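Asks: Can you read through this structure? Questions will come right after.
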Amino acid sequence: MSKYKTSGYKGSYDYSKSEEREGRSLVRFKCGLLNTIQDVLRQRPGWVEVKDEGEWDFNWCDVGWLRENFDHSYMEEHVRINHFRNHYELTRKNLMVKNLKRYRKNQERDVGRLEASKCDFFPCTFALPSEYHLFVEEFKRSPGSTWIMKPVAKSQGKGIFLFRKLKDIMDWKKDGTRSEEQKDAAQVESYVAQRYIENPYLINGRKFDLRVYVLVTSYVPLKAWLYRDGFGRFSSTRFSLSSIDDKYMHLTNVAVQKTAPEYDPEKGCKWQMQQLRRYLTAKHGRETVETLFTEMDNIFVRSLQSVQKVIINDKHCFELYGYDILLDQNLKPWLIEVNASPSYTPSSQEDYEMKCRLLEDTLNVVDMEGRLTGKEKRVGGYDLMWNDGPVYREDVNVETFGSSYFTANTHLGCVNDREKQLRQLLKPFPGQKRM
Ligand code: ADP
C-alpha cells in the first residue's frame with residue numbers, strides 16, 4: 001500500500017459511467033500555488049477545492065510535490081495533473097541542450113543537413129564541469145567573445161554571470177589529478193556555459209526577451225497548443241557590451257528588473273505580445289514578421305519533438321510551458337529556456353488579466369467538464385499547432401511566405417477574441433444554461 005492517499009479515488013462521491021463520458025459537474029481540485037491559478041480554479045463553476053490529503057480529480061501542483069508524490073499516486077482514468085513526470089528533460093538548462101543536440105544529430109543522419117540546420121536556434125552551450133575541455137576548445141576559437149554562465153537548476157536570474165576570461169570560471173575546471181573522493185569534496189554546482197547573444201534586438205536601446213506559452217496535452221502522439229497572448233520583458237538599462245557585470249542591463253527577468261534602481265512599478269517592464277507584434281510589423285513589414293513568428297513556431301515544435309521519446313507520456317498529464325525567446329538584430333529568434341513553472345504572479349492588473357485568460361483557457365482545453373468534441377483547432381486563446389503532424393492555417397497558402405518552415409495554425413500576438421469564440425464553441429458548464 002502506498003503511504004499516500006490515492007488520487008481520483010471514488011470515495012463517497014460516486015461518478016456514474018455516463019458522467020465519465022460526458023464530463024463532470026463537480027471537479028475536486030487541489031492547488032499547490034497561492035496566486036492567479038488558485039483564483040482561476042476557485043472561480044470556475046462546479047469546481048471545489050480540497051485541502052491536504054483530500055481526494056482530487058485535478059491537481060495544479062508544483063514540481064516539488066510532483067517529485068515526492070507522483071510515483072505513489074494511483075490515478076483514475078479521468079484525473080489530470082499539470083506536469084509530466086520527467087518534465088525536467090526539457091526544462092532543465094543542461095538537459096534541454098543535451099536533448100536538442102541529440103535531436104539535431106539524428107535529423108542530420110536521417111533527413112540531412114538542411115533539415116538539421118532548422119535546429120540551429122539555441123546558442124552554443126556546454127555543461128560544466130563535465131564538458132569543460134570541449135568548452136575551452138570552443139572558447140579559444142573565438143577570442144574576445146562573451147559567454148554567460150547559468151546554474152542548471154536555478155531560476156529568476158539567480159547565480160548568472162557573464163565572462164570573457166577563462167580565469168573567471170576556474171572553479172568549474174575538471175581536475176584529472178584529483179581522486180574521486182577529492183572531487184566529491186570539491187564538487188561545484190552544475191552550470192551551463194553558453195555563448196552570449198551579443199547583438200540582441202533593441203527597442204529604445206533596451207534588450208528584451210519574449211515569454212510565450214505552449215500547452216502540451218499529449219506527447220504520444222504529440223499534441224501542442226500555442227497561446228495568442230504573451231509578453232516581452234525589458235531591461236531597464238540601455239544595452240551595451242562595455243559593462244558585462246550589470247545584471248540590470250543583461251538579464252531581462254522580471255525578478256531582476258524589479259530590483260533595478262530605475263524600475264518604475266507604474267510602468268513595469270512588460271509589453272504585451274500584441275503591442276510587440278504591431279511595433280515590429282510597423283518597422284519591418286508584415287512578411288518579415290510572419291517569417292519571424294514562423295521561425296518561432298519551428299522552435300516550439302522541434303524542441304518538443306526533441307524530448308518526445310524521452311518524456312514519459314501519461315494520459316493524466318499536461319504541461320503549460322513558458323518559453324523564453326530572445327531576438328537578435330537580424331530578427332532571428334533564439335531559444336533561451338523552457339520553464340515548467342512559469343510565473344503566474346502578476347506584475348500589474350493587465351498582467352493579472354492576461355494570466356487569468358491563459359489559465360482559464362488551459363482548463364478549457366484540458367476539459368474536465370467534457371464540453372469539447374476533441375476535434376477543435378482553436379479553444380479560446382489557444383490555437384492547435386501540432387497534432388501528430390503539422391496543423392496548417394486555413395487562411396494562408398502554405399507557400400505564401402516562401403519560407404522553408406511550415407505555416408502553422410498559430411496567431412501569437414494577434415487579436416485574442418477568445419470570449420466570442422468560446423461562446424460559440426463551448427456548451428455551457430454542466431448544470432448551467434447558455435448565457
Ligand atoms: P533563469 O532560469 O535564471 O531565468 P535564463 O536562462 O532564462 O535563466 O536567463 C536569464 C536571462 O538572461 C534571460 O531572460 C536573458 O535576458 C538573459 N540570457 C540568458 N541566456 C542568454 C544568452 N545566451 N544570450 C543573451 N542573453 C541571455
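FYI, nothing fancy with the C-alpha cells labels: chains A, B, ... in order, residues from 1 per chain, ligands from 1 as they appear.
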Using only C-alpha atoms and all ligand atoms, which residues of chain A come within 7 Å of ligand 1, and what is the closest atom pair for each, with the distance in Å to one decimal? Give it as JSON lines, sorted by chain and residue number.
Replies:
```
{"residue": "A:Pro123", "atom": "CA", "partner": "ligand 1", "partner_atom_place_in_ligand_line": "23 (N)", "distance": 5.8}
{"residue": "A:Ile148", "atom": "CA", "partner": "ligand 1", "partner_atom_place_in_ligand_line": "23 (N)", "distance": 6.2}
{"residue": "A:Lys150", "atom": "CA", "partner": "ligand 1", "partner_atom_place_in_ligand_line": "8 (O)", "distance": 6.6}
{"residue": "A:Lys154", "atom": "CA", "partner": "ligand 1", "partner_atom_place_in_ligand_line": "3 (O)", "distance": 5.7}
{"residue": "A:Ser155", "atom": "CA", "partner": "ligand 1", "partner_atom_place_in_ligand_line": "3 (O)", "distance": 3.4}
{"residue": "A:Gln156", "atom": "CA", "partner": "ligand 1", "partner_atom_place_in_ligand_line": "3 (O)", "distance": 4.1}
{"residue": "A:Gly157", "atom": "CA", "partner": "ligand 1", "partner_atom_place_in_ligand_line": "3 (O)", "distance": 3.3}
{"residue": "A:Lys158", "atom": "CA", "partner": "ligand 1", "partner_atom_place_in_ligand_line": "3 (O)", "distance": 5.3}
{"residue": "A:Ile160", "atom": "CA", "partner": "ligand 1", "partner_atom_place_in_ligand_line": "3 (O)", "distance": 6.8}
{"residue": "A:Gln194", "atom": "CA", "partner": "ligand 1", "partner_atom_place_in_ligand_line": "23 (N)", "distance": 5.4}
{"residue": "A:Arg195", "atom": "CA", "partner": "ligand 1", "partner_atom_place_in_ligand_line": "23 (N)", "distance": 5.2}
{"residue": "A:Tyr196", "atom": "CA", "partner": "ligand 1", "partner_atom_place_in_ligand_line": "24 (N)", "distance": 3.7}
{"residue": "A:Ile197", "atom": "CA", "partner": "ligand 1", "partner_atom_place_in_ligand_line": "24 (N)", "distance": 3.8}
{"residue": "A:Glu198", "atom": "CA", "partner": "ligand 1", "partner_atom_place_in_ligand_line": "25 (C)", "distance": 6.6}
{"residue": "A:Phe208", "atom": "CA", "partner": "ligand 1", "partner_atom_place_in_ligand_line": "16 (O)", "distance": 6.5}
{"residue": "A:Asp209", "atom": "CA", "partner": "ligand 1", "partner_atom_place_in_ligand_line": "16 (O)", "distance": 5.9}
{"residue": "A:His250", "atom": "CA", "partner": "ligand 1", "partner_atom_place_in_ligand_line": "16 (O)", "distance": 5.9}
{"residue": "A:Leu251", "atom": "CA", "partner": "ligand 1", "partner_atom_place_in_ligand_line": "16 (O)", "distance": 3.9}
{"residue": "A:Thr252", "atom": "CA", "partner": "ligand 1", "partner_atom_place_in_ligand_line": "16 (O)", "distance": 3.9}
{"residue": "A:Asn253", "atom": "CA", "partner": "ligand 1", "partner_atom_place_in_ligand_line": "14 (O)", "distance": 5.0}
{"residue": "A:Asp324", "atom": "CA", "partner": "ligand 1", "partner_atom_place_in_ligand_line": "7 (O)", "distance": 6.4}
{"residue": "A:Ile336", "atom": "CA", "partner": "ligand 1", "partner_atom_place_in_ligand_line": "6 (O)", "distance": 5.4}
{"residue": "A:Glu337", "atom": "CA", "partner": "ligand 1", "partner_atom_place_in_ligand_line": "6 (O)", "distance": 5.2}
```
Asks: Which residues, written as a list of chain:residue names, have at least one atom at most 9 Å from range 415-420 of chain A, with only C-alpha atoms counted and residues fewer than 4 positions away on the same chain left out?
Replies: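 Within the cut-off, the hits are A:Arg228, A:Asp229, A:Gln274, A:Arg357, A:Asp361, A:Val379, A:Gly380, A:Gly381, A:Tyr382, A:His411, A:Gln424, A:Leu425.
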Asks: Could you check how far CA of Cys356 in chain A sits from CA of Asp39 in chain A, in Å to one decimal?
Replies: 8.3 Å
Asks: Residues of range 55-246 of chain A classed as helix (DSSP H, G or I) by DSSP on the backbone are to be reported as a ChimeraX atom specification.
Replies: /A:63-72,88-91,93-110,113-117,132-141,166-172,180-185
Asks: Kindly indicate which residue among A:Leu326, A:Phe163, A:Tyr279, A:Val212 lies nearest to Asp245 in chain A, using only C-alpha atoms for the distances.
Replies: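 Among the listed residues, the smallest separation from Asp245 in chain A belongs to A:Phe163.
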Asks: Which of range 186-303 of chain A counts as strand (DSSP E or B) under DSSP, as a PyMOL selection string please?
Replies: chain A and resi 191-195+200+202-203+206-218+223-234+270-272
Asks: Go ahead and save the picked residues with N, CA, C and O atoms, as a compact mmCIF listing (two decimals), in the first residue's frame.
Replies:
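Output below, filename result_24.txt:
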```txt
# COMPACT_ATOMS: atom_id res chain seq x y z
N TYR A 191 26.63 23.92 -13.97
CA TYR A 191 26.29 25.13 -14.72
C TYR A 191 26.24 24.79 -16.20
O TYR A 191 26.73 23.74 -16.63
N VAL A 192 25.68 25.71 -16.99
CA VAL A 192 25.96 25.67 -18.42
C VAL A 192 26.70 26.95 -18.77
O VAL A 192 26.42 28.01 -18.22
N ALA A 193 27.69 26.78 -19.67
CA ALA A 193 28.35 27.96 -20.25
C ALA A 193 27.77 28.11 -21.64
O ALA A 193 27.77 27.16 -22.43
N GLN A 194 27.24 29.27 -21.92
CA GLN A 194 26.52 29.46 -23.19
C GLN A 194 27.03 30.72 -23.88
O GLN A 194 27.32 31.72 -23.22
N ARG A 195 27.11 30.63 -25.21
CA ARG A 195 27.52 31.82 -25.96
C ARG A 195 26.49 32.92 -25.71
O ARG A 195 25.29 32.68 -25.82
N PRO A 200 21.59 41.65 -29.36
CA PRO A 200 20.14 41.49 -29.19
C PRO A 200 19.38 42.59 -29.93
O PRO A 200 19.92 43.69 -30.13
N LEU A 202 17.10 45.56 -30.09
CA LEU A 202 16.84 46.56 -29.05
C LEU A 202 15.64 47.42 -29.42
O LEU A 202 15.43 47.73 -30.59
N ILE A 203 14.87 47.78 -28.42
CA ILE A 203 13.81 48.78 -28.60
C ILE A 203 14.08 49.88 -27.59
O ILE A 203 14.26 49.60 -26.39
N ARG A 206 16.97 49.21 -25.41
CA ARG A 206 16.90 48.20 -24.35
C ARG A 206 16.67 46.79 -24.90
O ARG A 206 15.95 46.60 -25.87
N LYS A 207 17.28 45.88 -24.18
CA LYS A 207 17.14 44.47 -24.53
C LYS A 207 15.82 43.91 -23.95
O LYS A 207 15.35 44.40 -22.92
N PHE A 208 15.26 42.93 -24.59
CA PHE A 208 14.06 42.27 -24.03
C PHE A 208 14.06 40.81 -24.47
O PHE A 208 14.76 40.43 -25.42
N ASP A 209 13.31 40.00 -23.77
CA ASP A 209 13.05 38.65 -24.30
C ASP A 209 11.55 38.40 -24.30
O ASP A 209 10.78 39.17 -23.72
N LEU A 210 11.15 37.36 -25.01
CA LEU A 210 9.72 37.08 -25.15
C LEU A 210 9.32 35.90 -24.27
O LEU A 210 10.05 34.91 -24.20
N ARG A 211 8.19 36.02 -23.64
CA ARG A 211 7.60 34.89 -22.91
C ARG A 211 6.39 34.40 -23.70
O ARG A 211 5.46 35.17 -23.94
N VAL A 212 6.45 33.15 -24.10
CA VAL A 212 5.39 32.55 -24.91
C VAL A 212 4.90 31.28 -24.19
O VAL A 212 5.71 30.55 -23.61
N TYR A 213 3.61 31.05 -24.26
CA TYR A 213 3.03 29.90 -23.55
C TYR A 213 2.62 28.79 -24.52
O TYR A 213 1.87 29.05 -25.47
N VAL A 214 3.11 27.61 -24.25
CA VAL A 214 2.80 26.44 -25.09
C VAL A 214 2.22 25.35 -24.18
O VAL A 214 2.81 25.03 -23.15
N LEU A 215 1.09 24.84 -24.58
CA LEU A 215 0.42 23.80 -23.79
C LEU A 215 0.54 22.46 -24.51
O LEU A 215 0.18 22.35 -25.68
N VAL A 216 1.05 21.46 -23.80
CA VAL A 216 1.14 20.11 -24.38
C VAL A 216 0.12 19.24 -23.66
O VAL A 216 0.15 19.12 -22.43
N THR A 217 -0.78 18.64 -24.42
CA THR A 217 -1.77 17.77 -23.79
C THR A 217 -1.45 16.29 -24.00
O THR A 217 -2.07 15.43 -23.39
N SER A 218 -0.48 16.02 -24.87
CA SER A 218 -0.03 14.63 -25.05
C SER A 218 1.32 14.65 -25.78
O SER A 218 1.57 15.50 -26.63
N LYS A 223 0.64 16.53 -29.13
CA LYS A 223 -0.44 17.49 -29.36
C LYS A 223 -0.10 18.76 -28.60
O LYS A 223 -0.01 18.74 -27.37
N ALA A 224 0.11 19.85 -29.34
CA ALA A 224 0.59 21.08 -28.69
C ALA A 224 -0.20 22.29 -29.17
O ALA A 224 -0.56 22.40 -30.34
N TRP A 225 -0.45 23.20 -28.23
CA TRP A 225 -1.26 24.40 -28.47
C TRP A 225 -0.42 25.63 -28.17
O TRP A 225 0.39 25.62 -27.24
N LEU A 226 -0.65 26.71 -28.93
CA LEU A 226 0.09 27.95 -28.68
C LEU A 226 -0.88 29.04 -28.27
O LEU A 226 -1.91 29.24 -28.93
N TYR A 227 -0.54 29.75 -27.20
CA TYR A 227 -1.43 30.81 -26.73
C TYR A 227 -1.18 32.11 -27.46
O TYR A 227 -0.04 32.44 -27.77
N ARG A 228 -2.24 32.86 -27.75
CA ARG A 228 -2.10 34.10 -28.53
C ARG A 228 -1.42 35.22 -27.75
O ARG A 228 -0.76 36.07 -28.33
N ASP A 229 -1.66 35.25 -26.43
CA ASP A 229 -1.05 36.31 -25.61
C ASP A 229 0.30 35.87 -25.10
O ASP A 229 0.59 34.68 -25.01
N GLY A 230 1.08 36.82 -24.73
CA GLY A 230 2.40 36.60 -24.15
C GLY A 230 2.95 37.99 -23.93
O GLY A 230 2.19 38.98 -24.02
N PHE A 231 4.21 38.12 -23.66
CA PHE A 231 4.74 39.48 -23.48
C PHE A 231 6.24 39.53 -23.69
O PHE A 231 6.92 38.50 -23.77
N GLY A 232 6.73 40.75 -23.81
CA GLY A 232 8.16 40.99 -23.86
C GLY A 232 8.58 41.56 -22.51
O GLY A 232 7.83 42.33 -21.91
N ARG A 233 9.74 41.13 -22.01
CA ARG A 233 10.24 41.64 -20.72
C ARG A 233 11.49 42.47 -20.99
O ARG A 233 12.48 41.94 -21.50
N PHE A 234 11.42 43.72 -20.63
CA PHE A 234 12.50 44.65 -20.97
C PHE A 234 13.45 44.87 -19.80
O PHE A 234 13.05 44.85 -18.64
N LYS A 270 7.05 45.35 -18.98
CA LYS A 270 6.50 44.43 -19.97
C LYS A 270 5.76 45.14 -21.09
O LYS A 270 5.16 46.19 -20.87
N TRP A 271 5.83 44.53 -22.26
CA TRP A 271 4.95 44.90 -23.37
C TRP A 271 4.14 43.67 -23.71
O TRP A 271 4.71 42.58 -23.82
N GLN A 272 2.86 43.84 -23.93
CA GLN A 272 2.06 42.70 -24.38
C GLN A 272 2.51 42.27 -25.77
O GLN A 272 3.00 43.09 -26.56
```
Asks: Please provide the set of residues having any atom within 12 Å of Asn59 in chain A, restricted to only C-alpha atoms, with same-chain residues fewer than 3 positions apart removed, written as an NGL selection string.
Replies: :A and (7-8 or 27-33 or 37-38 or 41 or 47-56 or 62-63 or 65-66 or 69-70 or 73 or 75 or 78-83 or 316-319 or 363 or 366 or 368)
Asks: Tell me which of A:His87, A:Lys101, A:Arg238, A:Lys140 sits closest to Leu166 in chain A, counting only C-alpha atoms.
Replies: A:Lys140
Asks: I'd like the interatomic distance between CA of Gly413 in chain A and CA of Gln308 in chain A, to a tenth of an Å.
Replies: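 CA of Gln308 in chain A lies at a distance of 26.7 Å from CA of Gly413 in chain A.
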